[in-house]
Amino acid sequence: MTTQLKTPRTMLDKSFVAFILIAISALTIFPLVWLVLTSLRERNTIFNGPFIPARITFKAYPNAWNSIDFGLHFANSAWITTATVVGVLVFSTLAGYAFAKLRFPFKNLIYVILLVTLMMPATALIIPLYLQLKALGLLNTQVGLIMLYVSGSAPFAMFLMRAFFETLPDELMQAARIDGAGEFAIFWRVILPLARPGIAVVVIFQFLSTWNEFIYANTVLQNTGSLPLQPVLFSLMGQYQTNWPMLTAGLTMSIVPVILVYVWMQRQFVAGLTLGAVKN
Amino acid sequence: MTALRVVRARFARRERRRAGSSLWRLHRSESIAGYTFLLPTVVFFALFVGWPILFAIGLSFTSWSGFGAATFTGSANYTRMFNDPVAQRAFVVTILFAVATTVLGTVIPLVVAVLVNFVWKGLSVVVRTILFIPAVVSFVVSGVLWNLIYDPNIGTLNRTLKAIGLGHFAQQWLSNPTTVLPSIIVVALWGALGLNMLIFFAGIQGIDPTYYEAAQIDGASGMQQFFYITIPGLRIVTAIVVALNLMNGFKVFDIIYVMTGGGPSHASDVFGTYLYGLAFGSTSGSIPQLGYASAFSVVVMMLCGLAVFFQIGLARRANR
């Protein structure tokens with residue numbers, strides 16, 4: 001293999017493949033580059049003018065921020081996402097640990113029932129959930145929305161955490177039991193501190209999916225003031241159909257957190273992906 | 001290692017000493033802990049997943065506008081579905097969308113993953129990072145963004161086509177019934193390429209490199225290696241990707257709702273958007289049709305169930 005790698009023929013092949021990949025990457029990233037560039041244009045140059053704007057202006061950003069109350073909706077998104085991530089973490093670490101390491105009757109049956117619903121699409125449940133929240137008096141509240149998010153996401157996170165806890169040796173708990181620790185103390189003091197990599201994976205996945213969620217937020221919440229970003233961005237499309245710099249400035253601001261989290265925690269992300277996919 | 005053995009021995013001695021009743025007590029406390037740890041998940045699950053599923057199934061046999069009492073109508077909603085031209089169209093569009101995104105969303109990422117595996121490490125990392133970025137962007141953002149690109153008058157796509165002399169291909173991409181679905185499928189593939197490619201890439205890394213070395217010694221070409229080593233080696237991974245794609249295809253909602261709302265005149269309506277319109281929107285008049293919409297929920301659930309069985313079947317065959 002090593003002798004083959006060094007031949008000029010292989011170098012040529014590699015250069016050719018590299019060229020194709022660079023072209024694919026450029027094409028893939030183009031729409032997002034275009035998004036940012038459009039937000040930096042003068043409003044009257046979006047229809048003509050070169051691809052890279054001749055004059056750059058940041059005017060659209062304060063405009064978008066003020067006219068759609070961006071700060072408020074950004075804060076709503078941040079709060080809803082944080083609460084959901086915390087809720088999912090509590091539920092999924094407890095349940096994932098129980099399924100991975102504790103023995104009790106009907107364990108597998110409960111596990112299968114929880115997992116079967118992993119594939120339930122949001123649209124299939126939206127009607128009964130809407131009625132359920134209405135019956136509980138939680139319609140049009142952020143708490144109700146968070147409860148939907150937590151219950152809908154906990155099974156997948158639990159599945160990831162279980163896969164992670166299974167990699168920890170049983171002797172850890174046995175040793176703690178001999179020392180007389182209670183089951184919760186074992187979980188809290190011994191297991192959880194070791195579960196950081198697994199927790200990181202759950203946090204990233206949950207953050208991205210909650211921040212980006214649209215249909216439940218759009219259906220459950222009706223007061224403009226309590227809306228997170230996604231439904232607001234959706235309504236922008238009709239409102240500012242011709243003011244592209246402002247529209248694209250709003251979109252750009254909304255993706256800054258997800259891009260940052262992705263770039264910052266990329267390694268854990270890929271690890272989680274393989275953990276999830278391989279265990280599937 | 002020795003530490004573990006010491007602990008294990010200590011534990012075994014302890015177990016033996018206790019024997020009988022206290023061992024049983026240990027097990028019982030473990031059971032209680034197990035159920036306690038599961039309690040929050042199970043309660044929330046019952047309230048917001050389990051019960052709603054049953055409720056949707058029940059509702060699908062009724063006629064209800066959300067006010068007053070629901071009237072039991074038996075299977076009327078299901079027979080209505082068979083005679084509803086919009087529902088039939090939505091069925092065809094859902095299947096078309098799912099099949100197209102599954103086939104293209106499996107083949108393209110597989111090829112790209114092989115290419116990424118072939119080039120230098122540094123470039124491979126950069127390409128993987130870039131290709132995944134669309135996956136972290138929400139469907140609302142990508143839907144609005146692509147709407148601007150597809151805009152018939154000032155959109156980048158038509159302007160580019162005109163600039164390079166292909167102006168006659170310029171289209172009303174999203175308001176032409178024949179181009180609307182392919183246009184949306186492109187966006188879906190754009191969003192999913194990075195994720196599926198990464199899954200394949202991880203799978204390729206898991207193939208024993210000695211197979212390739214042996215093949216090269218025997219003089220196998222790159223194509224032969226791809227078809228006789230890479231593809232068979234990725235059977236399980238492919239089953240996962242196919243099933244994920246199928247499920248995502250059957251339950252598609254956000255991207256279509258944002259880009260076209262199911263239009264023009266239902267040309268891009270899928271089950272998800274149609275049922276949402278029936279229940280919350282203004283698809284057919286102003287009265288919400290919760291019973292009829294729930295019948296579509298049940299069908300979507302069954303399609304996704306089908307995809308899961310498909311995956312289990314594929315995985316079983318691949319394991320053999």
# chains A, B, ... in the order shown; residues from 1 in each chain; ligands from 1
call {"tool": "interface_residues", "arguments": {"of": "chain B", "to": "chain A", "cutoff": "6 Å", "atoms": "only C-alpha atoms", "output": "JSON list (two decimals) with N, CA and C atoms, in the first residue's frame"}}
result
[["chain", "number", "residue", "atom", "x", "y", "z"],
["B", 31, "SER", "N", -34.03, -2.77, 42.57],
["B", 31, "SER", "CA", -35.28, -2.65, 41.80],
["B", 31, "SER", "C", -35.97, -1.34, 42.10],
["B", 34, "GLY", "N", -34.19, 1.37, 40.45],
["B", 34, "GLY", "CA", -34.44, 1.34, 39.01],
["B", 34, "GLY", "C", -35.75, 2.01, 38.66],
["B", 37, "PHE", "N", -35.65, 5.81, 39.29],
["B", 37, "PHE", "CA", -34.88, 6.54, 38.28],
["B", 37, "PHE", "C", -35.69, 6.69, 36.98],
["B", 38, "LEU", "N", -36.54, 5.70, 36.72],
["B", 38, "LEU", "CA", -37.31, 5.75, 35.47],
["B", 38, "LEU", "C", -38.56, 6.60, 35.59],
["B", 41, "THR", "N", -39.15, 9.96, 33.52],
["B", 41, "THR", "CA", -39.26, 9.69, 32.08],
["B", 41, "THR", "C", -40.58, 9.02, 31.76],
["B", 44, "PHE", "N", -43.71, 11.47, 32.14],
["B", 44, "PHE", "CA", -43.78, 12.42, 31.02],
["B", 44, "PHE", "C", -44.12, 11.71, 29.72],
["B", 45, "PHE", "N", -43.53, 10.54, 29.57],
["B", 45, "PHE", "CA", -43.77, 9.77, 28.36],
["B", 45, "PHE", "C", -45.25, 9.40, 28.24],
["B", 52, "PRO", "N", -51.18, 10.49, 23.94],
["B", 52, "PRO", "CA", -51.52, 11.13, 22.67],
["B", 52, "PRO", "C", -51.59, 10.17, 21.48],
["B", 56, "ALA", "N", -54.87, 9.90, 19.35],
["B", 56, "ALA", "CA", -54.93, 10.16, 17.91],
["B", 56, "ALA", "C", -55.64, 9.02, 17.19],
["B", 119, "VAL", "N", -8.70, 11.29, 0.00],
["B", 119, "VAL", "CA", -7.76, 12.42, -0.08],
["B", 119, "VAL", "C", -6.96, 12.61, 1.20],
["B", 138, "SER", "N", -31.44, 25.49, 10.92],
["B", 138, "SER", "CA", -32.82, 25.03, 11.02],
["B", 138, "SER", "C", -33.50, 24.99, 9.66],
["B", 154, "ILE", "N", -35.77, 37.91, -8.88],
["B", 154, "ILE", "CA", -34.48, 38.42, -8.45],
["B", 154, "ILE", "C", -33.64, 37.34, -7.77],
["B", 213, "GLU", "N", -5.42, -3.85, 1.33],
["B", 213, "GLU", "CA", -4.03, -4.19, 1.03],
["B", 213, "GLU", "C", -3.96, -5.46, 0.20],
["B", 251, "LYS", "N", -41.94, 11.59, 7.29],
["B", 251, "LYS", "CA", -42.45, 12.57, 8.24],
["B", 251, "LYS", "C", -42.11, 14.01, 7.87],
["B", 272, "GLY", "N", -47.95, 15.35, 6.12],
["B", 272, "GLY", "CA", -47.72, 16.26, 7.24],
["B", 272, "GLY", "C", -48.35, 17.62, 7.03],
["B", 297, "SER", "N", -52.58, 11.28, 10.70],
["B", 297, "SER", "CA", -51.55, 11.03, 11.71],
["B", 297, "SER", "C", -51.29, 9.54, 11.83]]
call {"tool": "residues_around", "arguments": {"residues": "Ser39 of chain A", "least_positions_apart": "6", "cutoff": "7 Å", "atoms": "only C-alpha atoms", "output": "list in words"}}
result
Ala60, Pro245, Met246, Thr248 and Ala249 of chain A
call {"tool": "write_last_selection", "arguments": {"atoms": "N, CA and C atoms", "output": "compact mmCIF listing (two decimals), in the first residue's frame"}}
result
# COMPACT_ATOMS: atom_id res chain seq x y z
N ALA A 60 -28.28 46.80 8.07
CA ALA A 60 -29.42 45.88 8.17
C ALA A 60 -29.50 45.22 9.54
N PRO A 245 -31.81 42.55 2.64
CA PRO A 245 -30.73 42.71 3.62
C PRO A 245 -31.23 42.50 5.05
N MET A 246 -32.41 43.02 5.36
CA MET A 246 -32.94 42.87 6.71
C MET A 246 -33.32 41.42 7.00
N THR A 248 -32.15 38.70 5.56
CA THR A 248 -30.97 37.84 5.67
C THR A 248 -30.16 38.18 6.93
N ALA A 249 -30.21 39.45 7.38
CA ALA A 249 -29.53 39.79 8.62
C ALA A 249 -30.16 39.04 9.79
call {"tool": "residues_around", "arguments": {"residues": "segment 104-114 of chain B", "least_positions_apart": "3", "cutoff": "9 Å", "atoms": "only C-alpha atoms", "output": "PyMOL selection string"}}
result
(chain A and resi 21+24) or (chain B and resi 99-101+117-118+128+188-189+192-202+204+226+230+238+241-242+245)
call {"tool": "atom_distance", "arguments": {"atom1": "atom CA of Leu12 of chain A", "atom2": "atom CA of Trp120 of chain B"}}
result
12.4 Å
call {"tool": "closest_residue", "arguments": {"among": "A:Ile52, A:Arg9, A:Leu260, A:Asn223", "to": "Asn140 of chain A", "atoms": "only C-alpha atoms"}}
result
A:Asn223
call {"tool": "select_by_dssp", "arguments": {"residues": "segment 50-248 of chain B", "states": "strand (DSSP E)", "output": "PyMOL selection string"}}
result
chain B and resi 62-63+71-72
call {"tool": "atom_distance", "arguments": {"atom1": "atom CA of Leu221 of chain A", "atom2": "atom CA of Leu278 of chain B"}}
result
18.6 Å
call {"tool": "residues_around", "arguments": {"residues": "segment 188-198 of chain A", "least_positions_apart": "2", "cutoff": "9 Å", "atoms": "only C-alpha atoms", "output": "compact mmCIF listing (two decimals) with C-alpha atoms, in the first residue's frame"}}
result
# COMPACT_ATOMS: atom_id res chain seq x y z
CA THR A 93 -29.10 10.26 32.68
CA TYR A 97 -28.26 4.58 33.98
CA LEU A 160 -27.46 7.60 23.93
CA MET A 161 -26.79 7.74 27.68
CA ALA A 163 -25.01 3.26 25.30
CA PHE A 164 -22.50 5.42 27.13
CA PHE A 165 -23.11 4.02 30.65
CA LEU A 168 -18.39 1.90 32.31
CA LEU A 172 -17.43 0.85 40.06
CA MET A 173 -20.92 0.45 41.46
CA ALA A 176 -19.46 1.76 46.07
CA GLU A 183 -28.22 3.81 44.88
CA PHE A 184 -28.74 7.52 44.31
CA ALA A 185 -25.42 8.41 45.90
CA ILE A 186 -23.70 5.91 43.58
CA ALA A 200 -21.62 16.59 26.28
CA VAL A 201 -23.05 14.63 23.36
CA VAL A 202 -26.60 14.87 24.69
CA VAL A 203 -26.23 18.60 25.39
CA GLN A 268 -17.91 15.44 20.66
CA GLY A 272 -21.92 11.11 19.48
call {"tool": "select_by_dssp", "arguments": {"residues": "segment 197-280 of chain A", "states": "helix (DSSP H, G or I)", "output": "PyMOL selection string"}}
result
chain A and resi 197-212+215-220+224-226+229-239+244-264+266-279
call {"tool": "write_last_selection", "arguments": {"atoms": "C-alpha atoms", "output": "PDB file, in the first residue's frame"}}
result
ATOM      1  CA  PRO A 197     -18.358  12.842  27.512  1.00  0.00           C
ATOM      2  CA  GLY A 198     -21.814  11.271  27.153  1.00  0.00           C
ATOM      3  CA  ILE A 199     -23.468  14.306  28.711  1.00  0.00           C
ATOM      4  CA  ALA A 200     -21.620  16.588  26.285  1.00  0.00           C
ATOM      5  CA  VAL A 201     -23.052  14.635  23.356  1.00  0.00           C
ATOM      6  CA  VAL A 202     -26.602  14.873  24.694  1.00  0.00           C
ATOM      7  CA  VAL A 203     -26.232  18.600  25.386  1.00  0.00           C
ATOM      8  CA  ILE A 204     -25.049  19.361  21.854  1.00  0.00           C
ATOM      9  CA  PHE A 205     -27.701  17.298  20.108  1.00  0.00           C
ATOM     10  CA  GLN A 206     -30.450  18.652  22.324  1.00  0.00           C
ATOM     11  CA  PHE A 207     -29.303  22.227  21.986  1.00  0.00           C
ATOM     12  CA  LEU A 208     -29.330  22.050  18.192  1.00  0.00           C
ATOM     13  CA  SER A 209     -32.659  20.266  17.855  1.00  0.00           C
ATOM     14  CA  THR A 210     -34.482  22.484  20.369  1.00  0.00           C
ATOM     15  CA  TRP A 211     -33.037  25.723  19.033  1.00  0.00           C
ATOM     16  CA  ASN A 212     -34.118  24.720  15.519  1.00  0.00           C
ATOM     17  CA  ILE A 215     -43.726  23.116  14.357  1.00  0.00           C
ATOM     18  CA  TYR A 216     -44.496  22.747  18.097  1.00  0.00           C
ATOM     19  CA  ALA A 217     -43.383  26.297  18.846  1.00  0.00           C
ATOM     20  CA  ASN A 218     -45.481  27.608  15.984  1.00  0.00           C
ATOM     21  CA  THR A 219     -48.557  25.700  17.154  1.00  0.00           C
ATOM     22  CA  VAL A 220     -48.444  25.863  20.943  1.00  0.00           C
ATOM     23  CA  THR A 224     -45.926  37.119  19.913  1.00  0.00           C
ATOM     24  CA  GLY A 225     -44.019  38.053  23.065  1.00  0.00           C
ATOM     25  CA  SER A 226     -43.382  34.470  24.133  1.00  0.00           C
ATOM     26  CA  LEU A 229     -36.846  32.635  17.085  1.00  0.00           C
ATOM     27  CA  GLN A 230     -37.915  30.044  14.510  1.00  0.00           C
ATOM     28  CA  PRO A 231     -41.620  30.993  14.201  1.00  0.00           C
ATOM     29  CA  VAL A 232     -40.617  34.669  14.139  1.00  0.00           C
ATOM     30  CA  LEU A 233     -38.121  34.066  11.329  1.00  0.00           C
ATOM     31  CA  PHE A 234     -40.837  32.220   9.442  1.00  0.00           C
ATOM     32  CA  SER A 235     -43.237  35.141   9.722  1.00  0.00           C
ATOM     33  CA  LEU A 236     -40.496  37.503   8.532  1.00  0.00           C
ATOM     34  CA  MET A 237     -40.635  35.921   5.108  1.00  0.00           C
ATOM     35  CA  GLY A 238     -44.049  37.386   4.406  1.00  0.00           C
ATOM     36  CA  GLN A 239     -43.411  40.678   6.176  1.00  0.00           C
ATOM     37  CA  TRP A 244     -33.597  41.179   1.641  1.00  0.00           C
ATOM     38  CA  PRO A 245     -30.732  42.713   3.617  1.00  0.00           C
ATOM     39  CA  MET A 246     -32.939  42.874   6.709  1.00  0.00           C
ATOM     40  CA  LEU A 247     -34.392  39.410   6.176  1.00  0.00           C
ATOM     41  CA  THR A 248     -30.968  37.843   5.675  1.00  0.00           C
ATOM     42  CA  ALA A 249     -29.528  39.792   8.623  1.00  0.00           C
ATOM     43  CA  GLY A 250     -32.204  38.236  10.856  1.00  0.00           C
ATOM     44  CA  LEU A 251     -31.466  34.743   9.538  1.00  0.00           C
ATOM     45  CA  THR A 252     -27.720  35.239   9.943  1.00  0.00           C
ATOM     46  CA  MET A 253     -28.053  36.366  13.564  1.00  0.00           C
ATOM     47  CA  SER A 254     -30.237  33.340  14.336  1.00  0.00           C
ATOM     48  CA  ILE A 255     -27.644  30.814  13.119  1.00  0.00           C
ATOM     49  CA  VAL A 256     -24.661  32.330  14.938  1.00  0.00           C
ATOM     50  CA  PRO A 257     -25.209  30.254  18.128  1.00  0.00           C
ATOM     51  CA  VAL A 258     -25.632  26.929  16.309  1.00  0.00           C
ATOM     52  CA  ILE A 259     -22.590  27.493  14.122  1.00  0.00           C
ATOM     53  CA  LEU A 260     -20.534  28.473  17.173  1.00  0.00           C
ATOM     54  CA  VAL A 261     -21.640  25.409  19.142  1.00  0.00           C
ATOM     55  CA  TYR A 262     -20.977  23.177  16.146  1.00  0.00           C
ATOM     56  CA  VAL A 263     -17.481  24.500  15.500  1.00  0.00           C
ATOM     57  CA  TRP A 264     -16.626  24.578  19.197  1.00  0.00           C
ATOM     58  CA  GLN A 266     -17.267  19.339  16.723  1.00  0.00           C
ATOM     59  CA  ARG A 267     -15.262  16.461  18.119  1.00  0.00           C
ATOM     60  CA  GLN A 268     -17.910  15.441  20.663  1.00  0.00           C
ATOM     61  CA  PHE A 269     -20.471  15.809  17.931  1.00  0.00           C
ATOM     62  CA  VAL A 270     -18.823  13.270  15.662  1.00  0.00           C
ATOM     63  CA  ALA A 271     -18.227  10.963  18.632  1.00  0.00           C
ATOM     64  CA  GLY A 272     -21.923  11.105  19.482  1.00  0.00           C
ATOM     65  CA  LEU A 273     -22.887  10.445  15.936  1.00  0.00           C
ATOM     66  CA  THR A 274     -20.866   7.258  15.788  1.00  0.00           C
ATOM     67  CA  LEU A 275     -22.066   6.226  19.253  1.00  0.00           C
ATOM     68  CA  GLY A 276     -25.657   6.658  18.105  1.00  0.00           C
ATOM     69  CA  ALA A 277     -25.238   5.142  14.667  1.00  0.00           C
ATOM     70  CA  VAL A 278     -23.153   2.144  15.647  1.00  0.00           C
ATOM     71  CA  LYS A 279     -25.400   1.286  18.569  1.00  0.00           C
TER      72      LYS A 279
END
call {"tool": "residues_around", "arguments": {"residues": "segment 287-296 of chain B", "least_positions_apart": "2", "cutoff": "9 Å", "atoms": "only C-alpha atoms", "output": "count of residues only"}}
result
39
call {"tool": "atom_distance", "arguments": {"atom1": "atom CA of Ile149 of chain B", "atom2": "atom CA of Ala98 of chain B"}}
result
23.5 Å
